[in-house]
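Source file: upload11.tsv (TSV, C-alpha atoms)
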chain	number	residue	atom	x	y	z
A	1	MET	CA	-0.71	-7.89	-7.24
A	2	TRP	CA	-1.96	-4.71	-8.85
A	3	LEU	CA	0.29	-2.99	-11.38
A	4	PHE	CA	0.86	0.73	-10.79
A	5	LYS	CA	2.90	3.28	-12.75
A	6	HIS	CA	3.95	4.95	-9.50
A	7	PRO	CA	4.51	3.02	-6.26
A	8	LEU	CA	1.38	2.82	-4.16
A	9	ASN	CA	3.07	3.23	-0.78
A	10	LEU	CA	1.13	2.14	2.28
A	11	LEU	CA	2.22	1.10	5.76
A	12	ARG	CA	-0.42	-0.71	7.79
A	13	TYR	CA	0.12	-0.98	11.56
A	14	LEU	CA	-2.17	-3.17	13.64
A	15	VAL	CA	-1.94	-1.70	17.15
A	16	VAL	CA	-2.89	-3.73	20.23
A	17	LEU	CA	-3.35	-1.79	23.46
A	18	ARG	CA	-3.63	-3.48	26.87
A	19	ILE	CA	-5.88	-1.72	29.37
A	20	ASN	CA	-4.15	-1.21	32.73
A	21	SER	CA	-7.09	0.27	34.65
A	22	SER	CA	-10.00	-1.49	36.32
A	23	LYS	CA	-12.51	-0.14	33.82
A	24	VAL	CA	-12.61	2.16	30.78
A	25	TRP	CA	-15.45	3.11	28.46
A	26	MET	CA	-14.91	3.19	24.72
A	27	PRO	CA	-15.76	6.56	23.16
A	28	ARG	CA	-18.72	6.41	20.79
A	29	GLN	CA	-16.49	7.86	18.07
A	30	PHE	CA	-13.22	6.12	18.86
A	31	SER	CA	-11.41	7.07	15.64
A	32	ALA	CA	-12.30	10.76	15.96
A	33	GLU	CA	-11.28	10.97	19.61
A	34	LEU	CA	-8.04	9.06	19.05
A	35	PHE	CA	-7.35	11.29	16.04
A	36	LEU	CA	-7.59	14.34	18.31
A	37	ALA	CA	-5.84	12.97	21.40
A	38	LEU	CA	-2.96	11.35	19.51
A	39	GLY	CA	-2.64	14.38	17.23
A	40	LYS	CA	-2.12	16.62	20.27
A	41	MET	CA	0.61	14.32	21.54
A	42	VAL	CA	2.32	14.28	18.15
A	43	ALA	CA	2.23	18.09	17.97
A	44	GLY	CA	4.02	18.26	21.31
A	45	ARG	CA	6.97	16.32	19.86
A	46	LEU	CA	7.54	18.41	16.75
A	47	SER	CA	9.33	21.65	16.00
A	48	THR	CA	7.37	24.88	16.45
A	49	GLY	CA	6.56	25.24	12.75
A	50	GLU	CA	5.50	21.62	12.29
A	51	ALA	CA	3.51	21.64	15.54
A	52	GLN	CA	1.59	24.70	14.40
A	53	ALA	CA	0.39	22.85	11.29
A	54	TRP	CA	-0.84	19.94	13.44
A	55	ARG	CA	-2.63	22.19	15.94
A	56	LYS	CA	-4.31	24.07	13.10
A	57	ALA	CA	-5.49	20.78	11.62
A	58	LEU	CA	-6.95	19.70	14.99
A	59	GLN	CA	-8.70	23.01	15.68
A	60	PRO	CA	-12.00	22.31	13.82
A	61	LEU	CA	-12.52	19.10	15.79
A	62	GLU	CA	-11.69	20.79	19.10
A	63	GLU	CA	-14.19	23.57	18.37
A	64	TYR	CA	-16.80	21.00	17.37
A	65	ASN	CA	-16.28	19.07	20.61
A	66	ARG	CA	-16.77	22.25	22.64
A	67	THR	CA	-20.01	22.96	20.78
A	68	ILE	CA	-21.27	19.42	21.35
A	69	SER	CA	-20.41	19.56	25.05
A	70	GLU	CA	-22.37	22.78	25.41
A	71	LEU	CA	-25.37	21.34	23.57
A	72	ARG	CA	-25.33	18.27	25.80
A	73	ARG	CA	-25.08	20.43	28.90
A	74	ARG	CA	-28.14	22.35	27.76
A	75	ARG	CA	-29.85	19.11	26.66
A	76	LYS	CA	-30.21	20.36	23.12
A	77	LYS	CA	-30.54	18.14	20.05
A	78	ILE	CA	-27.27	17.67	18.17
A	79	THR	CA	-27.65	18.33	14.45
A	80	GLN	CA	-24.21	19.74	13.60
A	81	LYS	CA	-22.21	17.37	11.42
A	82	ILE	CA	-18.75	16.42	12.63
A	83	PRO	CA	-16.17	18.31	10.53
A	84	GLU	CA	-14.07	16.54	7.94
A	85	VAL	CA	-10.56	16.75	9.35
A	86	SER	CA	-7.12	15.48	8.44
A	87	TRP	CA	-3.68	15.44	9.97
A	88	PRO	CA	-0.93	17.22	8.00
A	89	ILE	CA	0.03	13.72	6.84
A	90	ASP	CA	-2.08	11.24	4.86
A	91	ALA	CA	-3.09	8.75	7.54
A	92	VAL	CA	-6.12	6.63	8.44
A	93	ILE	CA	-7.25	5.50	11.90
A	94	LEU	CA	-9.46	2.42	11.61
A	95	GLU	CA	-11.32	1.16	14.66
A	96	TYR	CA	-11.76	-2.61	14.91
A	97	PRO	CA	-15.09	-3.90	16.26
A	98	GLY	CA	-14.97	-4.44	20.00
A	99	LYS	CA	-16.75	-3.93	23.30
A	100	THR	CA	-18.17	-0.89	25.05
A	101	VAL	CA	-16.39	-1.48	28.37
A	102	TYR	CA	-12.89	-2.90	28.86
A	103	GLY	CA	-11.36	-4.15	32.07
A	104	GLU	CA	-7.77	-4.49	33.26
A	105	GLY	CA	-5.66	-6.73	31.03
A	106	GLU	CA	-8.10	-6.73	28.11
A	107	LEU	CA	-6.87	-5.91	24.61
A	108	LEU	CA	-8.07	-3.14	22.32
A	109	PHE	CA	-7.35	-3.34	18.57
A	110	TRP	CA	-7.13	-0.62	15.94
A	111	GLU	CA	-5.21	0.04	12.74
A	112	LEU	CA	-3.10	2.97	11.59
A	113	LYS	CA	-2.41	3.39	7.88
A	114	LEU	CA	0.28	5.77	6.62
A	115	CYS	CA	-0.30	6.51	2.95
A	116	GLY	CA	1.60	7.74	-0.09
A	117	LYS	CA	4.59	9.98	0.60
A	118	ASP	CA	3.78	9.78	4.33
A	119	ALA	CA	4.33	6.01	4.49
A	120	ASP	CA	7.46	6.59	6.55
A	121	HIS	CA	8.42	3.98	9.14
A	122	GLY	CA	11.00	6.33	10.62
A	123	PHE	CA	8.30	8.91	11.38
A	124	PHE	CA	6.20	6.19	12.99
A	125	LEU	CA	9.09	5.12	15.27
A	126	GLU	CA	10.38	8.60	16.10
A	127	VAL	CA	7.13	10.55	16.47
A	128	ILE	CA	3.90	8.54	16.41
A	129	LEU	CA	4.99	5.65	18.62
A	130	PRO	CA	6.40	7.85	21.44
A	131	ALA	CA	3.26	10.02	21.22
A	132	LEU	CA	1.06	6.94	21.56
A	133	GLU	CA	3.13	5.70	24.49
A	134	ALA	CA	2.72	9.08	26.20
A	135	LEU	CA	-1.02	8.98	25.56
A	136	GLY	CA	-1.11	5.71	27.46
A	137	TYR	CA	0.01	7.25	30.73
A	138	SER	CA	-1.07	10.87	30.30
A	139	ALA	CA	-4.30	11.87	31.96
A	140	GLU	CA	-6.60	14.85	31.63
A	141	ARG	CA	-9.48	15.69	33.91
A	142	GLU	CA	-12.04	15.17	31.13
A	143	TRP	CA	-10.64	11.74	30.28
A	144	GLU	CA	-10.67	10.68	33.92
A	145	ARG	CA	-14.22	11.94	34.47
A	146	GLN	CA	-15.53	9.92	31.54
A	147	LEU	CA	-13.25	6.91	32.14
A	148	LYS	CA	-11.86	7.07	28.60
A	149	PRO	CA	-8.96	4.77	27.54
A	150	TRP	CA	-6.46	7.64	27.28
A	151	GLY	CA	-4.07	7.46	30.20
A	152	HIS	CA	-5.05	3.86	30.93
A	153	PHE	CA	-3.23	1.58	28.51
A	154	ASP	CA	0.13	0.08	27.55
A	155	ILE	CA	1.26	-0.67	24.02
A	156	TYR	CA	1.17	-4.48	24.04
A	157	ASN	CA	1.72	-5.44	20.38
A	158	VAL	CA	2.19	-3.71	17.04
A	159	PHE	CA	2.15	-5.67	13.80
A	160	VAL	CA	2.91	-4.54	10.24
A	161	ALA	CA	1.06	-5.93	7.23
A	162	ARG	CA	2.90	-7.98	4.64
A	163	GLY	CA	0.25	-9.17	2.20
A	164	LEU	CA	-2.29	-11.21	4.14
A	165	ASN	CA	0.07	-11.66	7.10
A	166	TRP	CA	0.91	-9.45	10.09
A	167	GLU	CA	4.56	-9.36	11.14
A	168	PRO	CA	5.54	-8.34	14.70
A	169	LEU	CA	7.17	-4.97	15.34
A	170	ILE	CA	6.37	-4.90	19.07
A	171	SER	CA	5.74	-8.16	20.94
A	172	GLU	CA	4.44	-7.97	24.50
A	173	GLY	CA	5.89	-4.47	24.87
A	174	ARG	CA	9.29	-5.22	23.31
A	175	LEU	CA	10.23	-3.22	20.18
A	176	ASP	CA	12.23	-4.92	17.41
A	177	LEU	CA	14.42	-2.10	16.07
A	178	ARG	CA	15.93	-4.43	13.46
A	179	TYR	CA	12.59	-4.78	11.69
A	180	SER	CA	12.29	-2.26	8.84
A	181	PRO	CA	9.11	-2.63	6.77
A	182	ARG	CA	8.98	-1.41	3.18
A	183	PRO	CA	6.01	0.71	2.05
A	184	SER	CA	5.25	-1.72	-0.78
A	185	GLN	CA	5.14	-4.91	1.29
A	186	TRP	CA	1.43	-4.52	2.09
A	187	MET	CA	0.56	-6.12	-1.25
A	188	GLU	CA	3.28	-8.79	-1.40
A	189	GLY	CA	1.72	-12.14	-2.20
A	190	LEU	CA	-1.74	-10.70	-2.69
A	191	THR	CA	-3.39	-12.38	-5.68
A	192	PRO	CA	-6.74	-10.58	-5.90
A	193	ASP	CA	-8.05	-12.70	-8.77
A	194	ALA	CA	-7.57	-15.87	-6.73
A	195	LEU	CA	-9.57	-14.42	-3.83
A	196	PHE	CA	-12.79	-14.38	-5.82
A	197	GLN	CA	-13.37	-17.78	-7.34
A	198	SER	CA	-16.91	-17.49	-6.00
A	199	ARG	CA	-19.02	-14.54	-7.04
A	200	PHE	CA	-19.85	-12.44	-4.03
A	201	LYS	CA	-23.06	-10.41	-4.17
A	202	ARG	CA	-23.30	-8.63	-0.82
A	203	LEU	CA	-21.17	-5.65	0.16
A	204	VAL	CA	-21.16	-4.79	3.87
A	205	TRP	CA	-19.80	-1.45	5.06
A	206	LEU	CA	-17.54	-1.96	8.06
A	207	THR	CA	-17.47	1.81	8.66
A	208	PRO	CA	-19.79	4.63	7.52
A	209	PHE	CA	-19.28	6.05	4.03
A	210	ASP	CA	-19.83	9.37	2.30
A	211	LEU	CA	-19.23	9.27	-1.46
A	212	GLU	CA	-19.31	12.49	-3.42
A	213	VAL	CA	-21.05	12.72	-6.82
A	214	ILE	CA	-18.18	11.30	-8.83
A	215	SER	CA	-19.72	9.76	-11.95
A	216	GLY	CA	-17.64	10.40	-15.05
A	217	GLN	CA	-14.42	11.43	-13.29
A	218	SER	CA	-12.47	8.55	-14.79
A	219	GLY	CA	-12.75	10.13	-18.24
A	220	LEU	CA	-13.41	6.69	-19.68
A	221	LEU	CA	-17.20	6.54	-19.77
A	222	PRO	CA	-19.58	9.42	-20.41
A	223	PRO	CA	-21.33	10.60	-17.23
A	224	GLU	CA	-24.84	9.39	-16.62
A	225	PRO	CA	-27.72	11.57	-15.35
A	226	PRO	CA	-27.28	12.63	-11.70
A	227	LEU	CA	-28.66	10.28	-9.11
A	228	SER	CA	-31.63	11.29	-7.02
A	229	PRO	CA	-30.88	12.03	-3.34
A	230	GLY	CA	-32.35	8.69	-2.31
A	231	ALA	CA	-30.32	6.73	-4.83
A	232	ALA	CA	-27.09	8.31	-3.57
A	233	GLN	CA	-27.47	6.32	-0.37
A	234	ALA	CA	-26.59	3.07	-2.19
A	235	PRO	CA	-23.59	3.56	-4.50
A	236	THR	CA	-23.61	1.57	-7.71
A	237	ALA	CA	-20.68	-0.69	-8.59
A	238	GLU	CA	-19.59	1.92	-11.13
A	239	MET	CA	-19.57	4.66	-8.48
A	240	LEU	CA	-17.40	2.51	-6.23
A	241	LEU	CA	-14.85	1.98	-9.01
A	242	GLU	CA	-14.84	5.67	-9.86
A	243	ALA	CA	-14.39	6.52	-6.17
A	244	LEU	CA	-11.36	4.22	-6.18
A	245	PHE	CA	-9.87	6.27	-9.02
A	246	VAL	CA	-10.43	9.48	-7.03
A	247	ARG	CA	-8.74	7.91	-3.99
A	248	LEU	CA	-5.74	6.55	-5.92
A	249	LYS	CA	-4.95	10.00	-7.30
A	250	ARG	CA	-3.94	11.01	-3.77
A	251	PHE	CA	-1.11	8.49	-3.88
A	252	LEU	CA	0.49	10.14	-6.89
A	253	PRO	CA	3.24	12.77	-6.63
A	254	LYS	CA	1.62	16.09	-5.72
A	255	ARG	CA	2.43	17.71	-9.07
A	256	LYS	CA	0.52	14.96	-10.91
A	257	ALA	CA	-2.45	14.36	-8.62
A	258	ALA	CA	-4.72	17.27	-9.58
A	259	SER	CA	-4.83	16.57	-13.33
A	260	ALA	CA	-4.26	12.82	-13.27
A	261	ALA	CA	-6.14	10.43	-15.55
A	262	ILE	CA	-6.42	6.69	-15.07
A	263	GLU	CA	-3.55	6.27	-17.53
A	264	ASP	CA	-1.32	7.94	-14.93
A	265	ILE	CA	-2.19	5.37	-12.28
A	266	PHE	CA	-2.17	1.90	-13.83
A	267	GLU	CA	0.24	0.08	-16.09
A	268	LYS	CA	-1.34	-0.82	-19.45
A	269	GLU	CA	-2.23	-4.39	-18.45
A	270	GLU	CA	-3.92	-3.18	-15.25
A	271	LEU	CA	-5.54	-0.29	-17.10
A	272	ASP	CA	-7.20	-2.74	-19.47
A	273	ARG	CA	-8.52	-4.69	-16.48
A	274	TYR	CA	-9.89	-1.52	-14.91
A	275	ARG	CA	-11.64	-0.52	-18.14
A	276	THR	CA	-13.19	-3.99	-18.38
A	277	ALA	CA	-14.35	-3.81	-14.76
A	278	LEU	CA	-15.82	-0.34	-15.26
A	279	LEU	CA	-17.76	-1.40	-18.35
A	280	GLN	CA	-19.09	-4.48	-16.53
A	281	ALA	CA	-20.05	-2.35	-13.52
A	282	ARG	CA	-22.10	0.03	-15.66
A	283	ARG	CA	-24.30	-2.90	-16.76
A	284	ILE	CA	-25.08	-3.98	-13.19
A	285	PRO	CA	-28.51	-2.76	-12.00
A	286	PRO	CA	-28.58	-0.45	-8.95
A	287	PRO	CA	-28.27	-2.55	-5.81
A	288	ALA	CA	-31.01	-3.40	-3.38
A	289	ASN	CA	-29.90	-2.07	-0.03
A	290	GLU	CA	-30.29	-1.95	3.71
A	291	ILE	CA	-28.62	1.43	4.14
A	292	SER	CA	-29.41	3.85	6.94
A	293	PRO	CA	-28.04	7.29	7.89
A	294	VAL	CA	-25.63	7.62	10.80
A	295	PRO	CA	-26.05	10.24	13.55
A	296	ALA	CA	-24.71	13.72	12.83
A	297	ILE	CA	-22.03	13.25	15.48
A	298	SER	CA	-20.61	10.29	13.50
A	299	PRO	CA	-18.23	10.71	10.58
A	300	GLY	CA	-19.58	9.60	7.22
A	301	SER	CA	-23.22	9.63	6.16
A	302	TYR	CA	-24.57	6.09	5.77
A	303	ILE	CA	-23.86	2.55	6.89
A	304	GLY	CA	-25.34	-0.86	6.15
A	305	ARG	CA	-25.15	-3.27	3.24
A	306	HIS	CA	-26.32	-3.62	-0.30
A	307	TYR	CA	-26.99	-6.52	-2.62
A	308	PHE	CA	-25.79	-6.62	-6.22
A	309	TYR	CA	-27.13	-8.90	-8.92
A	310	ARG	CA	-23.56	-10.03	-9.46
A	311	LEU	CA	-20.02	-8.85	-8.86
A	312	SER	CA	-17.61	-10.41	-11.35
A	313	PRO	CA	-13.99	-11.27	-10.46
A	314	ALA	CA	-12.90	-8.35	-12.68
A	315	ILE	CA	-14.87	-5.91	-10.52
A	316	LEU	CA	-13.94	-7.57	-7.23
A	317	ARG	CA	-10.26	-7.26	-8.10
A	318	PHE	CA	-10.52	-3.48	-7.77
A	319	LEU	CA	-13.08	-3.42	-4.97
A	320	GLU	CA	-10.64	-5.43	-2.87
A	321	LEU	CA	-8.10	-2.65	-3.39
A	322	ALA	CA	-10.78	-0.06	-2.55
A	323	SER	CA	-11.55	-1.78	0.75
A	324	ILE	CA	-7.89	-1.41	1.78
A	325	VAL	CA	-7.33	2.23	0.81
A	326	HIS	CA	-10.83	3.49	1.81
A	327	LEU	CA	-13.28	5.50	-0.32
A	328	GLY	CA	-14.94	8.90	-0.10
A	329	ARG	CA	-14.88	11.52	2.63
A	330	TYR	CA	-13.82	11.20	6.28
A	331	LEU	CA	-11.31	8.53	5.33
A	332	GLN	CA	-8.79	9.70	7.95
A	333	LEU	CA	-11.38	8.75	10.57
A	334	GLY	CA	-11.65	5.26	9.08
A	335	CYS	CA	-14.71	5.79	6.88
A	336	GLY	CA	-15.26	4.10	3.55
A	337	THR	CA	-14.15	0.51	4.02
A	338	PHE	CA	-16.15	-2.68	3.53
A	339	PHE	CA	-16.03	-6.45	3.03
A	340	PHE	CA	-17.86	-8.99	0.86
A	341	THR	CA	-20.09	-11.95	1.60
A	342	LYS	CA	-22.14	-14.25	-0.59
Take the structure in this file and express it as structure tokens.
Amino acid sequence: MWLFKHPLNLLRYLVVLRINSSKVWMPRQFSAELFLALGKMVAGRLSTGEAQAWRKALQPLEEYNRTISELRRRRKKITQKIPEVSWPIDAVILEYPGKTVYGEGELLFWELKLCGKDADHGFFLEVILPALEALGYSAEREWERQLKPWGHFDIYNVFVARGLNWEPLISEGRLDLRYSPRPSQWMEGLTPDALFQSRFKRLVWLTPFDLEVISGQSGLLPPEPPLSPGAAQAPTAEMLLEALFVRLKRFLPKRKAASAAIEDIFEKEELDRYRTALLQARRIPPPANEISPVPAISPGSYIGRHYFYRLSPAILRFLELASIVHLGRYLQLGCGTFFFTK
């Protein structure tokens, strides 16, 4: 496991929906549409003050959708970038690869991650789960016209991550109220060093990514000259590790996050490993890549894969963590996660 000074709380829910209609079409941007539809349902189950914060958070995406609908009606080219949005809680909706069309009885998979102080199983049971259940039988005219999944599914299974395993919370529609996951169990039994006996070289983005210019934010190494716009499409290994530092700061208590240094995140033993990984990453040449931009309507900026000369176990230890917590912008819509191959 990784050694943190403050608990890195994370609840990972693998949600399995069973389609109960003859046919539904998957939205092109599933995470964004589920973010909006489920967010509306959650807002309807909160107090007036809390609901107002949720509706305000959803407003930019609603306005964007109205603009896009009007452009499509007028057959205009869409160039407006989808807004970067977030719920009032730190959460990630991750779409799993699937089909375009689902029929009755077929299963649809996605993952919800509740992060940091918002890794609250009680909130999931009391608010998110009832909202998701309501979304399964609620229908709006727009959803019906486009045959979207909303209003056409049952919650079939929900699993909670414990290390590399998924433990059942809901099995075939039956909720186990005795099961109470802890926000630290996601990394129980994970031995990241053992995962990388072979040296992987290829990093494949499962979802689009958008990494800010972050070089030098760790405070450990002096910043290098800014990358050219073209080079920014393929992050170096060092940029990925620095992006991990930026992401991990969000898990700290709010009073510490803004001014945090890496010494505030890792225990000394882990800090030494991170420093070693960062120094090794700086010596790796920029990767060859097969990266391409995503459409403006998609969250993130680029997707594809890139090829490193080598990725040592020291570096992979932290990139494995990065793939779980996501990197860069649009992370609430599932952006910024990847996997490795040889």
* Measuring atom to atom with only C-alpha atoms, identify which of A:Leu333, A:Ala91, A:Leu114, A:Leu71 is nearest to Gln29 (chain A). =>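 That would be A:Leu333, the residue with the smallest distance to Gln29 (chain A).
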* What separation in Å, quoted to one decimal, exists between CA of Phe251 (chain A) and CA of Asn9 (chain A)? ->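 Atom-to-atom, CA of Phe251 (chain A) to CA of Asn9 (chain A), that is 7.4 Å.
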* To do: Fewer than 5 positions away in the same chain doesn't count, so skip those; otherwise give me all residues within 10 Å of Glu104 (chain A), counting only C-alpha atoms, as a PyMOL selection string.
  => chain A and resi 18-24+152-153
* Just give me the gap between CA of Leu319 (chain A) and CA of Leu240 (chain A) in Å, one decimal is fine. => 7.4 Å
* Asked: Which neighbours of region 181-192 of chain A fall inside 7 Å, counting only C-alpha atoms, when residues of the same chain fewer than 3 positions from it are skipped, and could you give them as a PyMOL selection string?
  -> chain A and resi 1+8-11+119+161-164+195+317
* Hey, what's within 12 Å of Ala53 (chain A) if we count only C-alpha atoms and toss same-chain stuff fewer than 3 positions away? As a ChimeraX atom specification, please? -> /A:39-40,42-44,46-50,56-59,86-89
Would you mind listing what lies within 8 Å of region 335-338 of chain A as a PDB file with C-alpha atoms, in the frame of the given file, with all atoms listed in the file counted and same-chain residues fewer than 4 positions away left out?
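Result saved to result18.pdb:
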ATOM      1  CA  LEU A  94      -9.460   2.420  11.610  1.00  0.00           C
ATOM      2  CA  LEU A 203     -21.170  -5.650   0.160  1.00  0.00           C
ATOM      3  CA  VAL A 204     -21.160  -4.790   3.870  1.00  0.00           C
ATOM      4  CA  TRP A 205     -19.800  -1.450   5.060  1.00  0.00           C
ATOM      5  CA  LEU A 206     -17.540  -1.960   8.060  1.00  0.00           C
ATOM      6  CA  THR A 207     -17.470   1.810   8.660  1.00  0.00           C
ATOM      7  CA  PRO A 208     -19.790   4.630   7.520  1.00  0.00           C
ATOM      8  CA  PHE A 209     -19.280   6.050   4.030  1.00  0.00           C
ATOM      9  CA  ASP A 210     -19.830   9.370   2.300  1.00  0.00           C
ATOM     10  CA  PRO A 299     -18.230  10.710  10.580  1.00  0.00           C
ATOM     11  CA  GLY A 300     -19.580   9.600   7.220  1.00  0.00           C
ATOM     12  CA  ALA A 322     -10.780  -0.060  -2.550  1.00  0.00           C
ATOM     13  CA  SER A 323     -11.550  -1.780   0.750  1.00  0.00           C
ATOM     14  CA  ILE A 324      -7.890  -1.410   1.780  1.00  0.00           C
ATOM     15  CA  VAL A 325      -7.330   2.230   0.810  1.00  0.00           C
ATOM     16  CA  HIS A 326     -10.830   3.490   1.810  1.00  0.00           C
ATOM     17  CA  LEU A 327     -13.280   5.500  -0.320  1.00  0.00           C
ATOM     18  CA  GLY A 328     -14.940   8.900  -0.100  1.00  0.00           C
ATOM     19  CA  ARG A 329     -14.880  11.520   2.630  1.00  0.00           C
ATOM     20  CA  TYR A 330     -13.820  11.200   6.280  1.00  0.00           C
ATOM     21  CA  LEU A 331     -11.310   8.530   5.330  1.00  0.00           C
TER      22      LEU A 331
END
Incomplete region 130-137 of chain A filled out to all heavy atoms as an mmCIF file, in the frame of the given file:
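Everything below was put into out38.cif:
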data_model
loop_
_atom_site.group_PDB
_atom_site.id
_atom_site.type_symbol
_atom_site.label_atom_id
_atom_site.label_comp_id
_atom_site.auth_asym_id
_atom_site.auth_seq_id
_atom_site.Cartn_x
_atom_site.Cartn_y
_atom_site.Cartn_z
ATOM 1 N N PRO A 130 6.232 7.185 20.132
ATOM 2 C CA PRO A 130 6.400 7.850 21.440
ATOM 3 C C PRO A 130 5.172 8.647 21.863
ATOM 4 O O PRO A 130 4.840 8.702 23.051
ATOM 5 C CB PRO A 130 7.607 8.764 21.218
ATOM 6 C CG PRO A 130 8.349 8.162 20.073
ATOM 7 C CD PRO A 130 7.306 7.563 19.184
ATOM 8 N N ALA A 131 4.476 9.266 20.884
ATOM 9 C CA ALA A 131 3.260 10.020 21.220
ATOM 10 C C ALA A 131 2.178 9.077 21.730
ATOM 11 O O ALA A 131 1.458 9.397 22.692
ATOM 12 C CB ALA A 131 2.770 10.780 19.999
ATOM 13 N N LEU A 132 2.057 7.915 21.114
ATOM 14 C CA LEU A 132 1.060 6.940 21.560
ATOM 15 C C LEU A 132 1.417 6.401 22.939
ATOM 16 O O LEU A 132 0.544 6.227 23.799
ATOM 17 C CB LEU A 132 0.971 5.791 20.547
ATOM 18 C CG LEU A 132 -0.037 4.693 20.860
ATOM 19 C CD1 LEU A 132 -1.462 5.242 20.901
ATOM 20 C CD2 LEU A 132 0.064 3.563 19.829
ATOM 21 N N GLU A 133 2.695 6.165 23.171
ATOM 22 C CA GLU A 133 3.130 5.700 24.490
ATOM 23 C C GLU A 133 2.794 6.738 25.549
ATOM 24 O O GLU A 133 2.298 6.394 26.639
ATOM 25 C CB GLU A 133 4.632 5.419 24.463
ATOM 26 C CG GLU A 133 5.171 4.838 25.761
ATOM 27 C CD GLU A 133 6.648 4.536 25.687
ATOM 28 O OE1 GLU A 133 7.343 5.154 24.861
ATOM 29 O OE2 GLU A 133 7.114 3.698 26.479
ATOM 30 N N ALA A 134 3.044 8.014 25.246
ATOM 31 C CA ALA A 134 2.720 9.080 26.200
ATOM 32 C C ALA A 134 1.229 9.176 26.441
ATOM 33 O O ALA A 134 0.784 9.437 27.564
ATOM 34 C CB ALA A 134 3.260 10.413 25.676
ATOM 35 N N LEU A 135 0.434 8.949 25.407
ATOM 36 C CA LEU A 135 -1.020 8.980 25.560
ATOM 37 C C LEU A 135 -1.498 7.884 26.497
ATOM 38 O O LEU A 135 -2.529 8.020 27.158
ATOM 39 C CB LEU A 135 -1.686 8.841 24.187
ATOM 40 C CG LEU A 135 -3.207 8.967 24.130
ATOM 41 C CD1 LEU A 135 -3.663 10.342 24.611
ATOM 42 C CD2 LEU A 135 -3.706 8.726 22.701
ATOM 43 N N GLY A 136 -0.727 6.809 26.587
ATOM 44 C CA GLY A 136 -1.110 5.710 27.460
ATOM 45 C C GLY A 136 -1.005 6.016 28.930
ATOM 46 O O GLY A 136 -1.715 5.411 29.745
ATOM 47 N N TYR A 137 -0.120 6.918 29.307
ATOM 48 C CA TYR A 137 0.010 7.250 30.730
ATOM 49 C C TYR A 137 -0.348 8.691 31.053
ATOM 50 O O TYR A 137 -0.323 9.090 32.216
ATOM 51 C CB TYR A 137 1.419 6.917 31.243
ATOM 52 C CG TYR A 137 2.555 7.617 30.547
ATOM 53 C CD1 TYR A 137 2.828 8.959 30.760
ATOM 54 C CD2 TYR A 137 3.389 6.908 29.676
ATOM 55 C CE1 TYR A 137 3.886 9.595 30.121
ATOM 56 C CE2 TYR A 137 4.450 7.538 29.023
ATOM 57 C CZ TYR A 137 4.695 8.872 29.254
ATOM 58 O OH TYR A 137 5.738 9.495 28.608
#
